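Only one structure is covered here, and it is reproduced in the block below.
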Amino acid sequence: MSSLLEKLQQSVLDVQARLQQDSSPEAVEELRIQFLGRNGLLPALSKEMGSVAPEERKNVGIAFNSSRKAIEDMLQDAKNAAGAVEAKKNSIDVTLPGRLANAGHKHPISIMIDECVNTFRRMGFIVAEGPEIEDVYHNFDALNTPMDHPSRDRGDTFYFADGRLLRSQTSPVQIRVMESQEPPVRIVAPGRCFRRDTPDATHGMNFHQIEGLYIDKDVSLADLKSILQNFAWEVFGEKINIRLRPHFFPFTEPSVEYDFSCIMCGGKGCPVCKNSGYIEIAGAGMVDPNVLRNVGYDPEVWSGFAFGLGIERLAMLRYRIGDIRYLYENDVRFLQQF
Ligand code: DAH
């Protein structure tokens with residue numbers, strides 16, 4: 001009889017010892033099956049109860065129940081402890097400092113476009129857009145571009161097989177806007193342009209312009225100059241002087257090029273402005289009467305000016321960027337600076 005009591009005590013000690021070695025959930029389950037399961041040790045021992053002498057049966061019964069309870073408790077404790085470790089692994093430690101999310105920010109080209117557009121909006125211009133894939137009519141013909149103008153050449157402009165092209169300038173937006181509305185017109189049109197240039201420090205095959213168009217009655221070159229002067233002051237500060245130089249564009253007459261006094265040297269002359277004291281920023285001029293006629297506006301009634309600003313040029317001056325290609329390489333070490 002004592003052997004049954006001993007076996008019960010021994011089984012409690014065995015479970016305790018084995019839990020000390022391994023209390024993983026798998027080990028606990030294995031012990032449960034071995035000791036408490038249907039074919040386990042304790043049910044087997046309970047069958048031996050039948051051969052216990054009647055006067056000892058009560059004590060052995062108590063010992064049996066307390067042993068089983070002890071084993072159950074040990075297994076349950078081990079299970080609880082394992083569960084707590086697991087829960088901790090998956091839980092959030094609210095006392096840790098938060099991690100900063102890397103939110104990103106605008107590209108310097110976008111910053112520059114937004115700043116320019118906002119400046120023109122304050123002067124009463126609204127934003128217009130046109131397609132990057134254009135037809136020859138809007139990109140060249142309607143803009144009064146002669147058939148032999150070099151910009152039409154396949155070596156200068158990207159053509160598709162069907163004759164359409166990647167716009168080489170934002171000027172076709174002028175035509176699309178005038179075709180779609182009656183004067184007066186006061187728009188700026190920011191966007192991408194494409195040319196077959198070999199990339200170098202100041203040229204890329206795609207770049208950005210902001211086109212401007214102002215059509216009303218009695219518009220003069222003085223109006224153009226005041227808008228461009230104001231733009232320069234607003235965006236680069238009042239130390240900037242502007243200069244208009246005679247030039248040629250097919251869609252304006254007279255045409256000018258619009259220069260800023262050099263931001264680097266203040267106009268004294270330096271390598272950036274090639275000692276001229278000025279940097280070219282845009283083309284501009286009074287809209288050619290032929291262009292107005294092409295869209296059905298009467299040039300005897302309406303007149304206006306147009307301009308096309310180079311965004312990359314402005315961004316490079318603003319941020320002192322020496323090579324245009326940095327703007328397109330998507331190198332975060334460069335982009336994080338803005
Ligand atoms: N489209 C011209 C270019 O890409 C720039 C330009 C010049 C735009 C004169 C104009 C303008 O609107 O009036 O070189």
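For the structure tokens, the naming scheme is as follows: chains receive sequential letters (A, B, ...) according to their order of presentation, residues are indexed from 1 within each chain, and ligands are indexed from 1 in presentation order.
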Could you list, as a count of residues only, all protein and nucleic acid residues with an atom at most 8 Å from ligand 1, counting only C-alpha atoms and all ligand atoms? 26
Which polymer residues have any atom within 9 Å of an atom of range 20-24 of chain A, counting only C-alpha atoms, with same-chain residues fewer than 2 positions away left out, as an MDAnalysis selection string? chainID A and resid 15:18 26:29 75 78:79 81:82
Pick from A:Val52, A:Leu244, A:Val272, A:Glu132 nearest to Leu221 in chain A, counting only C-alpha atoms: A:Leu244
Residue neighbourhood range 319-329 of chain A, 7 Å, only C-alpha atoms, exclusion window fewer than 3 positions, as a PDB file with all heavy atoms, in the first residue's frame:
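File produced: result-v1.pdb:
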```pdb
ATOM      1  N   ALA A 201      25.540  70.121 -67.125  1.00  0.00           N
ATOM      2  CA  ALA A 201      25.292  70.801 -65.838  1.00  0.00           C
ATOM      3  C   ALA A 201      24.097  71.751 -65.894  1.00  0.00           C
ATOM      4  O   ALA A 201      23.498  72.064 -64.867  1.00  0.00           O
ATOM      5  CB  ALA A 201      26.548  71.545 -65.396  1.00  0.00           C
ATOM      6  N   THR A 202      23.751  72.223 -67.087  1.00  0.00           N
ATOM      7  CA  THR A 202      22.644  73.191 -67.166  1.00  0.00           C
ATOM      8  C   THR A 202      21.516  72.736 -68.082  1.00  0.00           C
ATOM      9  O   THR A 202      20.556  73.478 -68.295  1.00  0.00           O
ATOM     10  CB  THR A 202      23.146  74.576 -67.651  1.00  0.00           C
ATOM     11  OG1 THR A 202      23.869  74.379 -68.865  1.00  0.00           O
ATOM     12  CG2 THR A 202      24.028  75.229 -66.617  1.00  0.00           C
ATOM     13  N   HIS A 203      21.601  71.524 -68.652  1.00  0.00           N
ATOM     14  CA  HIS A 203      20.538  71.039 -69.547  1.00  0.00           C
ATOM     15  C   HIS A 203      20.088  69.637 -69.155  1.00  0.00           C
ATOM     16  O   HIS A 203      20.907  68.806 -68.788  1.00  0.00           O
ATOM     17  CB  HIS A 203      21.026  70.973 -71.004  1.00  0.00           C
ATOM     18  CG  HIS A 203      21.359  72.309 -71.576  1.00  0.00           C
ATOM     19  ND1 HIS A 203      22.602  72.877 -71.426  1.00  0.00           N
ATOM     20  CD2 HIS A 203      20.611  73.192 -72.272  1.00  0.00           C
ATOM     21  CE1 HIS A 203      22.603  74.068 -72.021  1.00  0.00           C
ATOM     22  NE2 HIS A 203      21.406  74.285 -72.536  1.00  0.00           N
ATOM     23  N   ALA A 315      15.377  77.538 -59.407  1.00  0.00           N
ATOM     24  CA  ALA A 315      15.683  76.687 -58.244  1.00  0.00           C
ATOM     25  C   ALA A 315      17.194  76.624 -58.012  1.00  0.00           C
ATOM     26  O   ALA A 315      17.663  76.663 -56.867  1.00  0.00           O
ATOM     27  CB  ALA A 315      15.117  75.286 -58.447  1.00  0.00           C
ATOM     28  N   MET A 316      17.955  76.560 -59.105  1.00  0.00           N
ATOM     29  CA  MET A 316      19.410  76.471 -58.960  1.00  0.00           C
ATOM     30  C   MET A 316      19.976  77.758 -58.357  1.00  0.00           C
ATOM     31  O   MET A 316      20.919  77.729 -57.561  1.00  0.00           O
ATOM     32  CB  MET A 316      20.053  76.168 -60.321  1.00  0.00           C
ATOM     33  CG  MET A 316      19.788  74.724 -60.767  1.00  0.00           C
ATOM     34  SD  MET A 316      20.199  74.429 -62.478  1.00  0.00           S
ATOM     35  CE  MET A 316      21.993  74.307 -62.377  1.00  0.00           C
TER      36      MET A 316
END
```
Near Leu13 in chain A, counting only C-alpha atoms, which residues have an atom at most 12 Å away, once you skip same-chain residues fewer than 6 positions from it, shown as a PyMOL selection string? chain A and resi 6-7+19-20+35+67-68+70-71+74
Using only C-alpha atoms, which protein or nucleic acid residues come within 9 Å of Pro250 in chain A? Drop anything in the same chain fewer than 2 positions from it, and give the result as a list in words. Leu143, Asn144, Thr145, Pro146, His149, Phe248, Thr252, Glu253, Ser255 and Asp288 of chain A
Selection above as a file: N, CA, C and O atoms, as a tab-separated table (two decimals), in the first residue's frame:
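Output saved as selection27.tsv:
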```
chain	number	residue	atom	x	y	z
A	143	LEU	N	1.47	78.91	-82.81
A	143	LEU	CA	2.37	79.87	-82.16
A	143	LEU	C	3.22	80.62	-83.19
A	143	LEU	O	4.26	81.19	-82.85
A	144	ASN	N	2.77	80.57	-84.46
A	144	ASN	CA	3.38	81.39	-85.50
A	144	ASN	C	4.82	80.97	-85.81
A	144	ASN	O	5.64	81.79	-86.23
A	145	THR	N	5.13	79.70	-85.55
A	145	THR	CA	6.50	79.22	-85.74
A	145	THR	C	6.73	78.89	-87.22
A	145	THR	O	6.01	78.06	-87.78
A	146	PRO	N	7.70	79.54	-87.87
A	146	PRO	CA	7.93	79.26	-89.30
A	146	PRO	C	8.30	77.80	-89.55
A	146	PRO	O	8.84	77.13	-88.66
A	149	HIS	N	11.80	76.71	-88.74
A	149	HIS	CA	12.38	77.03	-87.43
A	149	HIS	C	13.09	75.80	-86.85
A	149	HIS	O	12.55	74.69	-86.88
A	248	PHE	N	14.39	87.24	-80.22
A	248	PHE	CA	13.35	86.83	-81.17
A	248	PHE	C	12.64	85.58	-80.67
A	248	PHE	O	13.29	84.60	-80.30
A	252	THR	N	5.96	86.24	-80.28
A	252	THR	CA	5.88	87.58	-79.68
A	252	THR	C	6.57	88.60	-80.56
A	252	THR	O	7.52	88.29	-81.29
A	253	GLU	N	6.06	89.84	-80.52
A	253	GLU	CA	6.65	90.92	-81.30
A	253	GLU	C	6.32	92.24	-80.63
A	253	GLU	O	5.14	92.61	-80.58
A	255	SER	N	10.00	90.82	-78.98
A	255	SER	CA	10.36	89.78	-78.01
A	255	SER	C	11.54	90.25	-77.17
A	255	SER	O	12.36	91.05	-77.64
A	288	ASP	N	2.19	88.18	-80.54
A	288	ASP	CA	2.16	88.52	-81.97
A	288	ASP	C	0.71	88.53	-82.47
A	288	ASP	O	-0.06	87.61	-82.16
```
I need the residue nearest Asp14 in chain A from this list: A:Leu45, A:Leu31, A:Arg176, A:Tyr137. Use only C-alpha atoms for the distance. A:Leu31
Using the chain letters and numbers from this document, which residues of range 9-235 of chain A does DSSP assign to alpha helix (DSSP H), as a VMD selection string? chain A and resid 9 to 21 25 to 31 41 to 48 54 to 90 108 to 122 136 to 139 172 to 180 221 to 235
Write down as a PyMOL selection string the residues belonging to range 25-200 of chain A that are assigned strand (DSSP E) by DSSP computed on the backbone. chain A and resi 126-127+133-134+165-166+185-194
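Nearest to Arg167 in chain A of all the residues A:Lys58, A:Arg186, A:His208, A:His105 is A:His208, based on only C-alpha atoms.
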Residues at most 7 Å from range 126-131 of chain A, counting only C-alpha atoms, excluding those fewer than 6 positions away in the same chain, as an MDAnalysis selection string? chainID A and resid 173 186:189
Give me a file of those residues, with all heavy atoms, as a short mmCIF file (atom, residue, chain, number, x, y, z; two decimals), in the first residue's frame.
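File produced: out_14.cif:
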```
data_model
loop_
_atom_site.label_atom_id
_atom_site.label_comp_id
_atom_site.auth_asym_id
_atom_site.auth_seq_id
_atom_site.Cartn_x
_atom_site.Cartn_y
_atom_site.Cartn_z
N VAL A 173 0.05 75.94 -74.12
CA VAL A 173 -1.07 76.15 -73.19
C VAL A 173 -1.73 77.51 -73.47
O VAL A 173 -2.94 77.66 -73.32
CB VAL A 173 -0.62 76.05 -71.72
CG1 VAL A 173 -1.82 76.15 -70.78
CG2 VAL A 173 0.13 74.74 -71.47
N ARG A 186 -5.78 85.91 -68.07
CA ARG A 186 -4.65 86.16 -67.16
C ARG A 186 -4.29 84.82 -66.53
O ARG A 186 -4.81 84.48 -65.48
CB ARG A 186 -5.08 87.14 -66.08
CG ARG A 186 -4.07 88.22 -65.81
CD ARG A 186 -4.55 89.13 -64.72
NE ARG A 186 -5.22 90.30 -65.25
CZ ARG A 186 -5.51 91.37 -64.51
NH1 ARG A 186 -5.22 91.38 -63.23
NH2 ARG A 186 -6.12 92.41 -65.04
N ILE A 187 -3.42 84.05 -67.18
CA ILE A 187 -3.11 82.70 -66.67
C ILE A 187 -1.61 82.50 -66.50
O ILE A 187 -0.79 83.15 -67.15
CB ILE A 187 -3.64 81.59 -67.62
CG1 ILE A 187 -3.08 81.74 -69.05
CG2 ILE A 187 -5.16 81.56 -67.64
CD1 ILE A 187 -2.05 80.74 -69.44
N VAL A 188 -1.27 81.58 -65.59
CA VAL A 188 0.08 81.00 -65.57
C VAL A 188 -0.09 79.50 -65.70
O VAL A 188 -1.05 78.93 -65.17
CB VAL A 188 0.89 81.33 -64.29
CG1 VAL A 188 1.42 82.75 -64.34
CG2 VAL A 188 0.09 81.08 -63.03
N ALA A 189 0.84 78.86 -66.43
CA ALA A 189 0.74 77.42 -66.69
C ALA A 189 2.07 76.75 -66.38
O ALA A 189 2.99 76.79 -67.20
CB ALA A 189 0.34 77.17 -68.14
#
```
Within 12 Å of Asn330 in chain A using only C-alpha atoms, minus same-chain residues under 6 positions, as JSON, numbers by chain: {"A": [107, 108, 336]}
Could you dump the residues just selected with C-alpha atoms as a short mmCIF file (atom, residue, chain, number, x, y, z; two decimals), in the first residue's frame?
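Generated output (selection.cif):
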```
data_model
loop_
_atom_site.label_atom_id
_atom_site.label_comp_id
_atom_site.auth_asym_id
_atom_site.auth_seq_id
_atom_site.Cartn_x
_atom_site.Cartn_y
_atom_site.Cartn_z
CA HIS A 107 10.96 68.40 -54.15
CA PRO A 108 12.88 71.67 -54.69
CA GLN A 336 16.81 66.19 -47.56
#
```
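Minimum atom-to-atom distances from A:Ala84, A:Leu4, A:Glu300, A:Ala63 to Lys47 in chain A were compared using only C-alpha atoms, and the lowest value belongs to A:Leu4.
Coordinates place CA of Ala232 in chain A at a distance of 13.1 Å from CA of Asn118 in chain A.
If you look at CA of Leu317 in chain A and CA of Ile210 in chain A, they are 16.1 Å away from each other.
Coordinates place CA of Phe140 in chain A at a distance of 15.2 Å from CA of Met178 in chain A.
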